[in-house]
Every structure is written in structure tokens, then in C-alpha cells.
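Engineer: Pasting a structure below so you can have a look.
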Amino acid sequence: MIMTNTLDSSIVAEPNTNGKNVVIDCKIRNLYYGKFRAVRDSHIPVEEGQVTAFIGPSGCGKSTALRCLNRMNDLVRGFRFDGHVHFRGKDIYHRNVDPVAVRRYIGMVFQQPNPFAMSIYNNVAFGLRLNRVKDDIPERVESALRGAALWDEVKDKLKNSGLSLSGGQQQRLCIARAIATEPTVLLMDEPCSALDPIATRRIEELMTELKEKYTIAVVTHNLQQAQRVADKTAFMYVDTSDGGRTGYLVEYEDTGQLFEDPKEEYTKQYIRGEFS
Amino acid sequence: MSNQIEITHSFAGVDFPQLERSLRHPRTLVSSLLSLLTGFVTVVACVPLFSVLFMLIYRGGKRLSLSLFTQTPPSAFESGGGFGNAIVGTLTMVGIAALISVPFGVLAAVFLAEFGPKSKTASAVRFCAKLLTGFPSILAGVFAYAAVVLMTGSYSAPAGGVALSILMLPIVMLTAEESIKMVPHKMKEAAIGMGATQTQVVWRVTLPSAMPGMLTGVMLAVARASGETAPLLFTALNSNYWIMQDGNLALMEPTASLAVLIFNFSGVPFESQIELAWAAALVLVLIVLAVNIGGQVLSRKRVTR
């Protein structure tokens with residue numbers, strides 16, 4: 001069951017968005033998995049053409065918050081959402097909204113590279129076929145693979161299985177698959193955590209290139225990565241005061257600001273590495 | 001300063017641990033005997049298989065010729081002849097059975113694995129399917145006799161197909177369910193994340209990825225069905241004629257099958273027919289083998305589309 005309520009504006013201090021276009025405005029008042037309250041009181045705007053990073057210790061609900069943005073949490077039994085997620089001004093949790101349609105505008109790259117058990121070409125063409133795109137499929141596949149900086153490595157073996165690639169290549173294939181349909185926003189849930197440092201570096205460079213065309217929201221447990229790629233950073237922390245483990249937003253700022261001069265005490269401690 | 005020689009010397013007089021393997025130790029002895037026993041039992045278990053194969057090749061092999069596949073069975077005192085009609089009959093009936101059991105089995109498996117894995121319906125269906133795998137095949141024949149033969153008024157290939165499909169259904173269904181469950185969750189998640197509906201996820205990701213496993217299940221079921229005799233005795237009976245007669249498909253007539261032919265001819269006192277039964281047994285085994293190998297090759301190809 002999903003509850004949609006209009007929120008009173010006083011959850012947290014209104015974040016400073018410098019007048020940039022907010023593509024997704026995510027206000028979570030309460031988010032439950034069954035009886036477990038996973039996230040509370042978090043307001044995270046995602047700005048157009050920027051990379052927004054979600055950081056915080058494990059269990060702070062950063063992945064959960066990210067998965068709200070394209071309703072992936074709907075798949076979890078017992079999921080209840082109280083708040084709103086405005087995508088270009090429209091609440092994607094409104095009951096008339098089809099979550100399937102939402103996900104075609106807000107694509108996702110997962111923690112584990114998860115190509116389909118089909119050829120590289122078909123992996124990328126998959127989303128195009130879902131959207132009944134009939135024209136220029138080879139051209140679109142090529143440009144998606146170029147966009148994911150994978151074309152030169154796979155152009156001679158497009159018929160090979162996507163599973164035959166290395167981990168880093170698989171992840172770039174997943175990015176190519178996600179951008180083939182030209183979504184508005186790309187969500188990335190710890191996209192580098194299963195990769196080695198070199199592959200990680202490539203994905204980070206890629207994110208910086210991709211933000212020219214797409215808005216990106218990325219969850220990472222790697223502070224340096226957030227510093228390297230993100231324009232905005234949201235720091236979340238776990239509140240254990242009521243006996244549960246409820247995540248909430250501590251601070252949302254420009255990345256430079258948040259790392260150099262954090263306002264909140266928890267943020268300072270976390271950035272100094274006093275807990276993780 | 002440590003001195004190695006002194007260290008060795010320090011063990012002098014101490015009871016040195018015995019590290020060599022020796023059969024005098026009861027533990028080693030028991031272990032070796034058990035290893036021997038398992039090896040022996042394994043060999044014994046293979047004896048029936050290889051002796052059957054040997055006899056099939058020895059007795060049936062000399063009768064192998066092209067005419068086996070092109071001619072109909074001889075009458076009692078004739079020599080020569082073949083069982084081409086029985087091969088066609090077996091293939092027809094197994095084909096009909098597959099046409100029934102594969103769609104039902106796969107769709108049921110999709111329900112079991114994807115839509116209601118923990119629902120009461122699913123566990124009831126799963127339980128029934130497991131019971132059905134041990135279902136006496138002769139009862140499948142009785143069922144098809146009542147349901148098809150009595151209704152249509154004649155022994156026929158479709159009746160045989162229905163009987164075999166009852167035996168194939170649980171195998172297809174349970175193996176398909178297992179292979180659907182083996183498809184990694186992250187793959188389905190990827191499809192959902194791209195905006196695929198549940199139907200699209202099942203058709204475009206789950207079923208293609210589960211295809212090799214499902215094919216193996218179908219092949220197992222086909223192999224089992226082509227060897228079944230009892231259900232066909234009640235339903236397809238037997239015939240000495242081709243299923244195609246003068247350009248007409250005699251589908252609703254009694255139909256020959258390899259298994260029933262072997263059953264009938266192995267009990268007669270006529271040398272020619274007995275030889276034919278051996279050859280038919282060999283051909284049946286070869287068909288089952290070919291189906292299995294074909295399935296393996298197909299499933300390997302299907303891994304990448």
C-alpha cells in the first residue's frame with residue numbers, strides 16, 4: 001500500500017539549490033518495509049545536469065532512498081511510502097501513475113553488473129525493443145555503446161554473450177543498456193562496488209561525461225568517489241534512538257561545501273572517518 | 001643461535017608420531033575397505049546398463065538395415081519387413097504429448113516460480129505434480145482410455161498422446177520451475193528497472209534465460225514417454241499399417257509404436273519377429289539418445305541469443 005500525502009514544508013530546512021532546475025524533488029516523510037521504518041524525514045532534490053551523490057554509513061537508507069526515485073521499492077513486500085517524489089513536477093507515487101512508465105524515464109544501474117544472458121547487441125537493444133523503437137536500432141546501439149565508452153572494446157564481438165565480458169565491461173554494458181533509451185535521469189546504486197580500481201576510475205570518468213546529457217543520482221560508500229564525481233552530496237545517517245534503525249538526511253549541500261565545511265557534527269565526524 | 005641438528009636430537013627418545021599409512025591400523029583398514037566397496041557397488045550398478053546395451057547391439061545390430069525404417073512388420077512366417085510405421089507412430093504420439101504437456105507445463109511453472117511461489121494454490125499444484133511423477137503409467141493409460149478412447153469411440157494416436165502427456169507434464173513442469181528459479185534475480189531486476197512489465201520480464205528475460213534447463217526437462221520427458229508401453233496398450237493399441245494411408249492421415253485409427261511392438265514381438269515364437277523386436281529396442285534406445293544429445297546441443301546454443 002502506498003500513501004501519498006502532500007507534505008507540510010517543515011520537515012527539514014529547505015535545501016539550497018542555487019536556483020537550478022530540480023528534475024526530481026524527493027521528500028520522504030516515512031518509508032516502511034512492513035513494520036520497519038527504514039527512512040524518515042529526508043528531502044533530497046536532484047538537479048538537472050548534475051551528479052547527486054548519496055553517502056552515509058551502511059544501513060542508513062541511501063539505497064532505499066535512491067530506489068524510491070523510480071519506484072523499484074514497489075517490488076519489496078510490505079513497502080509503504082509516505083511523502084512525495086515529484087518528477088518534473090508530477091508525483092510518481094500518485095495512484096494514477098504507472099511505475100513501469102516511470103522507469104522508462106528514470107533508468108537504473110545496479111550494484112552488481114547484471115547483463116542479460118544474451119548477446120551484447122541484444123542487451124543494448126533490449127530497452128529499445130521494450131519501447132517499440134523500430135528505426136535505426138543498430139545506430140542507437142552503437143551510440144549507446146560509444147556513450148558508455150565500450151564501443152571500441154566490443155565492436156567486433158557484438159554477437160558474443162554479454163556475460164563473456166569482464167566485470168567493468170559488464171557494468172559499462174549495463175550503463176549502455178540504460179542510456180540506449182535516453183532516459184531523463186540515471187540512478188546508479190553503488191555502481192563501482194563490485195569493480196576493481198581501474199574499472200572504477202573508468203565508470204567515474206563516464207559519469208562526468210554522461211552528466212552532459214543525463215541527470216545522475218548515485219549511491220556510493222566511497223567518499224573520495226563522491227568528491228570526484230558529485231556536484232551535490234546528500235549525507236544520510238542512522239537514527240537508533242527509537243530502538244529501530246531509521247535512516248534520515250543529515251545534510252545536503254554542494255559537494256565542495258559539504259566536504260570542506262560541513263555544518264552538522266555527524267557530517268564532520270563521518271568525513272573525518274570517525275565512523276563508517 | 002639455533003642449531004638444526006640439536007633440534008633433531010631433542011626428539012631422540014621421544015615417541016615419534018607415526019605418519020605412514022598402514023593397513024594394520026583399524027581406521028585405515030576400514031577406510032580402504034569402504035573405498036573398495038563403493039567402487040565395487042558402482043561397477044555393479046553399471047552392469048545392467050552395459051549388459052542391456054551389449055545385448056541390444058549384439059542381437060539387434062545384425063538386423064539393422066534401411067528396410068527397417070521403410071517397411072511394415074512381417075506376419076508370423078514371413079522374413080524381412082521393418083517397423084517404419086512404429087517409429088512414425090511413436091514420434092507422432094510423443095509429438096502430440098509434447099504439444100500438450102510443454103505449454104501447460106511451462107505456463108504452470110511460470111506461475112509456480114514467478115507469480116505465486118508461496119501461495120496455497122502453488123504448493124497444492126507442486127504437491128500434485130510431485131505425486132504425478134510417481135503416477136503408475138498404466139493408470140495414465142486407463143485415464144486416457146476413459147477420457148479419449150471411450151469418448152471418440154476408437155483407439156487412436158491422440159489417445160496415446162494424451163496418456164503420454166500425463167506422464168510428461170509433471171517432469172516438464174517441475175524442471176521448468178527449477179530452471180526459472182535459477183534465473184538470477186538481478187537479471188529480472190535489470191529488466192524491471194528498464195521499465196519492463198511483468199509479462200515482458202517473463203517473456204524476454206526469464207524464459208529465454210531458463211530455456212536450456214527447460215529444454216533438458218522436455219528432453220527427459222520425451223525420453224521417458226517414448227519408452228512407455230503400458231499407457232499405449234489401452235489407448236493406441238497397435239497396428240501393422242502406416243499412419244499415412246494412401247495420402248490420408250489415419251489419425252483416429254489404432255497406431256503402432258516401438259514400445260508396443262517390442263512388447264508384442266518379444267513374446268512370440270517366430271524368429272523373424274523376435275529379431276525385429278531386438279532391432280526395435282536398439283532403435284528406440286538410439287532415438288532416446290539422439291533426442292538427449294540434440295537437447296544438449298540445442299540448449300548450449302541457446303545460452304546466447
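By convention here, the chains of the C-alpha cells are called A, B, ... in the order presented, each chain's residues are numbered starting at 1, and ligands are numbered starting at 1 in the order presented.
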Can you pull out every residue within 10 Å of Thr181 (chain A), counting only C-alpha atoms, but drop anything in the same chain fewer than 5 positions away, and send it as a list in words?
Structural biologist: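 Listing them by chain and then by number gives Arg104, Tyr105, Gly107, Val124, Ala125, Phe126, Gly127, Leu128, Arg129, Leu130, Asn131, Val133, Arg140, Val141, Ala144 and Ala176 of chain A; Met194 of chain B.
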Engineer: Any idea what's packed within 6 Å of region 110-112 of chain A, counting only C-alpha atoms, ignoring anything in its chain fewer than 3 positions away? Could you give it as a list in words?
Structural biologist: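 Counting only the stated atoms, we get Asp189, Glu190 and Pro191 of chain A.
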Engineer: Which residues are close to Gly213 (chain B), i.e. within 12 Å by only C-alpha atoms, leaving aside same-chain residues fewer than 2 positions away? Reply as JSON, numbers by chain.
Structural biologist: {"B": [106, 171, 172, 173, 174, 175, 176, 177, 178, 179, 180, 181, 182, 183, 206, 207, 208, 209, 210, 211, 215, 216, 217, 218, 219, 220, 295, 296, 298, 299, 300, 302, 303]}
Engineer: What's around region 73-76 of chain B at 10 Å? Count only C-alpha atoms, leave out sequence neighbours fewer than 5 positions away in its own chain, and write the answer as a PyMOL selection string.
Structural biologist: chain B and resi 68+81-86+239-241+261+265+268-273+276
Engineer: Check every residue of chain A for an atom within 8 Å of chain B, counting only C-alpha atoms, and provide those that qualify as a list in words.
Structural biologist: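 Interface list for chain A against chain B: Asn70, Met72, Pro99, Val100, Ala101, Val102, Arg103, Arg104, Gly107, Met108, Val109, Phe110, Gln112, Asn114, Pro115, Phe116, Ala117, Met118, Ser119, Asn122, Gly127, Leu130, Asn160, Ser161 and Ala178 of chain A.
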Engineer: According to DSSP computed on the backbone, where in region 5-180 of chain A is there helix (DSSP H, G or I)? Give the residues as a PyMOL selection string.
Structural biologist: chain A and resi 62-68+72-75+99-105+120-130+137-147+151-154+162-164+167-179
Engineer: Counting only C-alpha atoms, what is within 12 Å of region 225-227 of chain A, bar same-chain residues fewer than 2 positions away, as a ChimeraX atom specification?
Structural biologist: /A:51-56,190-193,197,200-205,207-208,217-223,229-235,253-260,271
Engineer: Which residue is closest to Phe104 (chain B)? Choose from B:Ser31, B:Asn248, B:Thr199, B:Ser165 and count only C-alpha atoms.
Structural biologist: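 Among B:Ser31, B:Asn248, B:Thr199, B:Ser165, it is B:Ser165 that comes nearest to Phe104 (chain B).
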Engineer: Name the residues of region 183-275 of chain B that come out as strand (DSSP E) in a backbone DSSP run; write them as number ranges by chain.
Structural biologist: B: 244-245, 248-249
